[in-house]
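Right, one structure below, let's go through it.
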Amino acid sequence: MENNLIWMWRKYLVGVCLPFLVVVLMVGCSGSSGTVDREVDFNLSASELMSDYQLDEGEADGKYLDKVIEVMGVLQSVQKLKNGRIQLSLKTGEEIGSVLCNLEKGKESAIASLKVNSPIRVKGICMGMLMDVLLESSVVVN
Amino acid sequence: MKYRLIGFFVLFLLGVASTNAQSRFLTKQGHASFFSKAPLEDIEAHNYQVMSVIDLEDKNIAVSMLIKTFEFKKSLMQEHFNENYLESHKFPKATFKGSFESATPIEAMKNATYEVDITGVLTIHGVAKDVQTKGTITMKDGKMMATTNFKVALEDHDVKIPKLVVKNIAEVVDVDIQLNCEPYKT
């Protein structure tokens with residue numbers, strides 16, 4: 001009788017608890033669920049974002065850095081970076097400087113339907129500004 | 001006052017706007033990497049979005065990169081690098097601004113490689129440090145490839161490594177820079 005109970009417990013642990021733990025660990029180790037599921041912190045145009053950075057870069061960093069931004073603009077170009085990532089460039093109306101959006105891994109298929117010089121909405125995480133404002137882990141919003 | 005804080009590179013470009021456009025070269029996709037060799041592990045990271053402006057006439061060079069765009073093999077390392085060591089939320093950029101000298105004048109339209117001596121100020125983690133190093137500038141078909149490598153002591157830039165991981169991270173890391181620049185025309 002006692003042996004049967006121990007055997008049942010073992011079966012329960014191996015059959016139910018262990019798979020559950022593995023799933024929990026896998027989800028936990030996989031990091032964030034991606035930009036697509038994150039709530040948008042700021043919704044603005046590419047030119048507004050660039051303008052904020054040009055007015056006061058420090059203040060803009062304080063406001064936008066690491067935040068999820070949904071940016072609207074006109075697609076200037078699509079290019080592949082040396083690390084294989086796809087980068088969308090959005091016009092800002094400035095002679096120098098655009099909003100660059102590096103697509104999240106696995107979301108590259110979205111570029112098939114994109115047209116240069118057409119309006120586009122992109123959601124990404126703000127990394128800051130060099131000459132351009134950079135959004136990482138970006139996804140194209142339909 | 002508000003315009004005083006316009007981005008470092010925008011200012012730099014405007015500052016050299018009066019020079020001959022043919023002498024200026026720009027990249028937004030330069031490559032920077034660093035390698036840390038420590039007793040317990042080797043760590044390597046790459047940044048493929050380095051920006052640089054090099055002016056052959058004024059012999060100026062400016063390099064800037066976002067700390068957050070360094071990529072590590074392990075995401076946990078990348079997280080620690082940004083949050084605990086480089087504190088990229090406080091100091092988002094690493095920059096270098098300086099000048100170079102070559103034994104013979106660099107000709108933009110002549111295919112050749114030149115050895116250069118580079119001096120300037122490297123700012124990492126908000127701490128500026130004078131740097132002297134050597135590099136090469138290769139001109140080919142009107143384009144430029146500039147390379148250099150140097151060592152960076154973490155202590156020089158006030159980057160604190162906890163005692164617990166002192167055997168995992170080198171005190172001095174090797175830095176490699178490769179800048180494939182195109183002529184910059186306004």
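Labeling convention for the structure tokens: chains A, B, ... as they appear, residues from 1 per chain, ligands from 1 in order of appearance.
Using only C-alpha atoms, the part of chain A that sits within 8 Å of chain B is made up of Tyr53, Gln54, Leu55, Asp56, Glu57, Gly58, Leu65, Leu81, Lys82, Asn83, Ile96, Met127, Gly128, Met129, Leu130 and Met131 of chain A.
Atom CA of Ser77 of chain A sits 14.0 Å away from atom CA of Val140 of chain A.
When DSSP reads the backbone of this structure, the residues of segment 29-91 of chain A it assigns to strand (DSSP E or B) are Phe42, Asn43, Leu44, Ser45, Val68, Ile69, Glu70, Val71, Met72, Gly73, Val74, Leu75, Gln76, Ser77, Val78, Gln79, Lys80, Ile86, Gln87, Leu88, Ser89 and Leu90 of chain A.
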Would you export the selected residues with N, CA and C atoms as a PDB file, in the first residue's frame, please?
ATOM      1  N   PHE A  42       4.280  55.936 -26.015  1.00  0.00           N
ATOM      2  CA  PHE A  42       4.133  57.197 -26.754  1.00  0.00           C
ATOM      3  C   PHE A  42       3.701  56.900 -28.183  1.00  0.00           C
ATOM      4  N   ASN A  43       2.816  57.721 -28.675  1.00  0.00           N
ATOM      5  CA  ASN A  43       2.319  57.579 -30.028  1.00  0.00           C
ATOM      6  C   ASN A  43       2.523  58.917 -30.722  1.00  0.00           C
ATOM      7  N   LEU A  44       3.434  58.979 -31.685  1.00  0.00           N
ATOM      8  CA  LEU A  44       3.723  60.270 -32.318  1.00  0.00           C
ATOM      9  C   LEU A  44       4.306  60.079 -33.710  1.00  0.00           C
ATOM     10  N   SER A  45       4.483  61.175 -34.433  1.00  0.00           N
ATOM     11  CA  SER A  45       5.015  61.074 -35.788  1.00  0.00           C
ATOM     12  C   SER A  45       6.542  61.057 -35.743  1.00  0.00           C
ATOM     13  N   VAL A  68       8.319  52.111 -25.199  1.00  0.00           N
ATOM     14  CA  VAL A  68       7.739  51.616 -26.454  1.00  0.00           C
ATOM     15  C   VAL A  68       7.069  52.788 -27.170  1.00  0.00           C
ATOM     16  N   ILE A  69       7.516  53.019 -28.391  1.00  0.00           N
ATOM     17  CA  ILE A  69       6.998  54.161 -29.156  1.00  0.00           C
ATOM     18  C   ILE A  69       6.350  53.652 -30.437  1.00  0.00           C
ATOM     19  N   GLU A  70       5.151  54.133 -30.695  1.00  0.00           N
ATOM     20  CA  GLU A  70       4.533  53.848 -31.987  1.00  0.00           C
ATOM     21  C   GLU A  70       4.690  55.110 -32.821  1.00  0.00           C
ATOM     22  N   VAL A  71       5.432  54.962 -33.901  1.00  0.00           N
ATOM     23  CA  VAL A  71       5.775  56.129 -34.689  1.00  0.00           C
ATOM     24  C   VAL A  71       5.150  56.032 -36.077  1.00  0.00           C
ATOM     25  N   MET A  72       4.603  57.172 -36.536  1.00  0.00           N
ATOM     26  CA  MET A  72       4.003  57.219 -37.875  1.00  0.00           C
ATOM     27  C   MET A  72       4.921  58.038 -38.776  1.00  0.00           C
ATOM     28  N   GLY A  73       5.056  57.596 -40.002  1.00  0.00           N
ATOM     29  CA  GLY A  73       5.899  58.352 -40.923  1.00  0.00           C
ATOM     30  C   GLY A  73       5.798  57.813 -42.323  1.00  0.00           C
ATOM     31  N   VAL A  74       6.687  58.300 -43.156  1.00  0.00           N
ATOM     32  CA  VAL A  74       6.733  57.840 -44.549  1.00  0.00           C
ATOM     33  C   VAL A  74       8.010  57.014 -44.714  1.00  0.00           C
ATOM     34  N   LEU A  75       7.841  55.829 -45.295  1.00  0.00           N
ATOM     35  CA  LEU A  75       8.982  54.913 -45.435  1.00  0.00           C
ATOM     36  C   LEU A  75       9.974  55.464 -46.461  1.00  0.00           C
ATOM     37  N   GLN A  76      11.202  55.645 -46.005  1.00  0.00           N
ATOM     38  CA  GLN A  76      12.247  56.169 -46.882  1.00  0.00           C
ATOM     39  C   GLN A  76      13.027  55.048 -47.556  1.00  0.00           C
ATOM     40  N   SER A  77      13.383  54.021 -46.771  1.00  0.00           N
ATOM     41  CA  SER A  77      14.143  52.905 -47.345  1.00  0.00           C
ATOM     42  C   SER A  77      14.057  51.685 -46.444  1.00  0.00           C
ATOM     43  N   VAL A  78      14.382  50.534 -47.047  1.00  0.00           N
ATOM     44  CA  VAL A  78      14.484  49.270 -46.300  1.00  0.00           C
ATOM     45  C   VAL A  78      15.859  48.711 -46.608  1.00  0.00           C
ATOM     46  N   GLN A  79      16.624  48.397 -45.582  1.00  0.00           N
ATOM     47  CA  GLN A  79      17.942  47.827 -45.868  1.00  0.00           C
ATOM     48  C   GLN A  79      18.300  46.736 -44.871  1.00  0.00           C
ATOM     49  N   LYS A  80      19.241  45.894 -45.320  1.00  0.00           N
ATOM     50  CA  LYS A  80      19.700  44.798 -44.456  1.00  0.00           C
ATOM     51  C   LYS A  80      21.038  45.199 -43.853  1.00  0.00           C
ATOM     52  N   ILE A  86      16.949  43.619 -40.420  1.00  0.00           N
ATOM     53  CA  ILE A  86      16.308  44.493 -41.399  1.00  0.00           C
ATOM     54  C   ILE A  86      16.010  45.837 -40.731  1.00  0.00           C
ATOM     55  N   GLN A  87      16.376  46.913 -41.427  1.00  0.00           N
ATOM     56  CA  GLN A  87      16.190  48.251 -40.867  1.00  0.00           C
ATOM     57  C   GLN A  87      15.309  49.104 -41.784  1.00  0.00           C
ATOM     58  N   LEU A  88      14.255  49.657 -41.194  1.00  0.00           N
ATOM     59  CA  LEU A  88      13.379  50.575 -41.926  1.00  0.00           C
ATOM     60  C   LEU A  88      13.772  52.000 -41.567  1.00  0.00           C
ATOM     61  N   SER A  89      13.808  52.847 -42.571  1.00  0.00           N
ATOM     62  CA  SER A  89      14.132  54.247 -42.328  1.00  0.00           C
ATOM     63  C   SER A  89      12.897  55.096 -42.618  1.00  0.00           C
ATOM     64  N   LEU A  90      12.504  55.914 -41.645  1.00  0.00           N
ATOM     65  CA  LEU A  90      11.314  56.767 -41.796  1.00  0.00           C
ATOM     66  C   LEU A  90      11.738  58.228 -41.949  1.00  0.00           C
TER      67      LEU A  90
END
Practice prompt. Excluding Leu86 of chain B and residues on its chain fewer than 6 positions from it, collect all residues at most 12 Å away from it, counting only C-alpha atoms, and give them as JSON, numbers by chain.
Written response: {"B": [66, 67, 68, 70, 77, 78, 79, 80, 92, 93, 94, 123, 124, 125, 126, 127, 154, 155, 157, 158, 159, 160, 161]}
Save the residues we just selected, C-alpha atoms, as an mmCIF file, in the first residue's frame?
data_model
loop_
_atom_site.group_PDB
_atom_site.id
_atom_site.type_symbol
_atom_site.label_atom_id
_atom_site.label_comp_id
_atom_site.auth_asym_id
_atom_site.auth_seq_id
_atom_site.Cartn_x
_atom_site.Cartn_y
_atom_site.Cartn_z
ATOM 1 C CA LEU B 66 24.861 53.701 -28.664
ATOM 2 C CA ILE B 67 25.852 51.353 -25.826
ATOM 3 C CA LYS B 68 22.536 49.521 -26.130
ATOM 4 C CA PHE B 70 26.155 46.147 -28.583
ATOM 5 C CA MET B 77 25.412 39.285 -20.406
ATOM 6 C CA GLN B 78 23.953 42.056 -22.560
ATOM 7 C CA GLU B 79 21.531 42.927 -19.769
ATOM 8 C CA HIS B 80 24.274 43.079 -17.110
ATOM 9 C CA PRO B 92 23.614 56.057 -23.619
ATOM 10 C CA LYS B 93 26.637 56.748 -25.862
ATOM 11 C CA ALA B 94 30.328 56.105 -26.234
ATOM 12 C CA THR B 123 34.231 59.057 -23.576
ATOM 13 C CA ILE B 124 32.707 55.916 -22.115
ATOM 14 C CA HIS B 125 30.356 55.730 -19.123
ATOM 15 C CA GLY B 126 30.412 59.525 -19.002
ATOM 16 C CA VAL B 127 34.173 59.585 -18.293
ATOM 17 C CA LEU B 154 37.547 49.686 -17.369
ATOM 18 C CA GLU B 155 38.887 51.524 -14.317
ATOM 19 C CA HIS B 157 36.099 55.005 -17.235
ATOM 20 C CA ASP B 158 34.853 54.291 -13.742
ATOM 21 C CA VAL B 159 33.265 50.988 -14.766
ATOM 22 C CA LYS B 160 32.954 48.987 -11.557
ATOM 23 C CA ILE B 161 33.094 45.194 -11.695
#
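Separating atom CA of Lys140 of chain B from atom CA of Asn111 of chain B is a distance of 4.6 Å.
For the residues B:Leu56, B:Asp176, B:Lys37, B:Gly120, ranking by smallest atom-to-atom distance to Thr104 of chain B using only C-alpha atoms places B:Leu56 first.
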Discussion item. At a cut-off of 8 Å, using only C-alpha atoms, what residues contact Asp130 of chain B? Leave out same-chain residues fewer than 3 positions from it and give the result as a count of residues only.
Written reply: 4
Practice prompt. Using DSSP on the backbone coordinates, identify the residues of chain B assigned to helix (DSSP H, G or I); present them as a ChimeraX atom specification.
Written response: /B:2-5,8-15,21-23,67-69,75-85,154-157,163-165
File of the preceding selection, N, CA and C atoms, as a compact mmCIF listing (two decimals), in the first residue's frame:
# COMPACT_ATOMS: atom_id res chain seq x y z
N LYS B 2 17.79 76.06 -26.05
CA LYS B 2 17.28 74.73 -26.34
C LYS B 2 18.11 74.04 -27.40
N TYR B 3 18.58 74.84 -28.37
CA TYR B 3 19.30 74.25 -29.49
C TYR B 3 20.74 73.88 -29.13
N ARG B 4 21.18 74.31 -27.92
CA ARG B 4 22.54 74.02 -27.49
C ARG B 4 22.78 72.51 -27.41
N LEU B 5 21.74 71.78 -27.16
CA LEU B 5 21.89 70.36 -26.93
C LEU B 5 21.60 69.50 -28.15
N PHE B 8 25.43 65.51 -30.85
CA PHE B 8 26.87 65.68 -31.02
C PHE B 8 27.29 65.65 -32.49
N PHE B 9 26.76 64.71 -33.22
CA PHE B 9 27.19 64.59 -34.60
C PHE B 9 26.57 65.60 -35.53
N VAL B 10 25.36 65.98 -35.24
CA VAL B 10 24.74 67.01 -36.07
C VAL B 10 25.56 68.29 -35.95
N LEU B 11 25.96 68.60 -34.71
CA LEU B 11 26.81 69.77 -34.50
C LEU B 11 28.12 69.63 -35.24
N PHE B 12 28.69 68.42 -35.14
CA PHE B 12 29.99 68.20 -35.78
C PHE B 12 29.87 68.43 -37.28
N LEU B 13 28.83 67.87 -37.87
CA LEU B 13 28.65 68.02 -39.31
C LEU B 13 28.45 69.46 -39.71
N LEU B 14 27.63 70.17 -38.94
CA LEU B 14 27.41 71.58 -39.25
C LEU B 14 28.71 72.36 -39.08
N GLY B 15 29.50 71.95 -38.11
CA GLY B 15 30.76 72.63 -37.82
C GLY B 15 31.75 72.53 -38.96
N ALA B 21 33.25 69.23 -49.51
CA ALA B 21 32.42 68.04 -49.31
C ALA B 21 33.15 66.76 -49.71
N GLN B 22 34.02 66.81 -50.69
CA GLN B 22 34.74 65.62 -51.14
C GLN B 22 35.69 65.08 -50.08
N SER B 23 36.03 65.90 -49.13
CA SER B 23 36.99 65.46 -48.12
C SER B 23 36.33 64.77 -46.95
N ILE B 67 25.42 52.51 -26.63
CA ILE B 67 25.85 51.35 -25.83
C ILE B 67 24.85 50.20 -25.97
N LYS B 68 23.57 50.56 -26.07
CA LYS B 68 22.54 49.52 -26.13
C LYS B 68 22.57 48.71 -27.41
N THR B 69 23.28 49.17 -28.44
CA THR B 69 23.28 48.41 -29.68
C THR B 69 24.45 47.41 -29.75
N SER B 75 22.02 36.82 -23.81
CA SER B 75 21.21 38.01 -23.53
C SER B 75 21.39 38.50 -22.10
N LEU B 76 21.69 37.57 -21.18
CA LEU B 76 21.89 37.95 -19.78
C LEU B 76 23.14 38.83 -19.64
N MET B 77 24.18 38.48 -20.41
CA MET B 77 25.41 39.29 -20.41
C MET B 77 25.11 40.69 -20.89
N GLN B 78 24.32 40.76 -21.97
CA GLN B 78 23.95 42.06 -22.56
C GLN B 78 23.19 42.91 -21.53
N GLU B 79 22.32 42.25 -20.79
CA GLU B 79 21.53 42.93 -19.77
C GLU B 79 22.44 43.48 -18.66
N HIS B 80 23.35 42.63 -18.17
CA HIS B 80 24.27 43.08 -17.11
C HIS B 80 25.17 44.21 -17.61
N PHE B 81 25.66 44.07 -18.84
CA PHE B 81 26.53 45.09 -19.46
C PHE B 81 25.84 46.44 -19.46
N ASN B 82 24.57 46.45 -19.87
CA ASN B 82 23.82 47.71 -19.97
C ASN B 82 23.39 48.25 -18.61
N GLU B 83 22.85 47.36 -17.79
CA GLU B 83 22.23 47.84 -16.55
C GLU B 83 23.23 48.04 -15.41
N ASN B 84 24.18 47.10 -15.28
CA ASN B 84 25.05 47.14 -14.10
C ASN B 84 26.41 47.79 -14.35
N TYR B 85 26.99 47.58 -15.52
CA TYR B 85 28.37 48.03 -15.72
C TYR B 85 28.45 49.36 -16.49
N LEU B 154 38.88 49.36 -17.90
CA LEU B 154 37.55 49.69 -17.37
C LEU B 154 37.63 50.71 -16.24
N GLU B 155 38.70 50.61 -15.44
CA GLU B 155 38.89 51.52 -14.32
C GLU B 155 39.00 52.98 -14.80
N ASP B 156 39.61 53.18 -15.97
CA ASP B 156 39.78 54.54 -16.51
C ASP B 156 38.45 55.23 -16.75
N HIS B 157 37.42 54.43 -16.95
CA HIS B 157 36.10 55.01 -17.23
C HIS B 157 35.11 54.74 -16.10
N LYS B 163 33.18 42.14 -7.13
CA LYS B 163 34.20 41.13 -6.81
C LYS B 163 33.76 39.72 -7.20
N LEU B 164 32.47 39.49 -7.12
CA LEU B 164 31.92 38.16 -7.42
C LEU B 164 32.23 37.71 -8.85
N VAL B 165 32.31 38.66 -9.79
CA VAL B 165 32.53 38.29 -11.19
C VAL B 165 33.88 38.79 -11.72
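Take atom CA of Ala45 of chain B and atom CA of Ser33 of chain B: the distance between them is 5.5 Å.
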Worksheet item: Pick the closest to Gly135 of chain B from B:Ile177, B:Ala170, B:Ala153, B:Ala103: which is it, counting only C-alpha atoms?
Response: B:Ile177
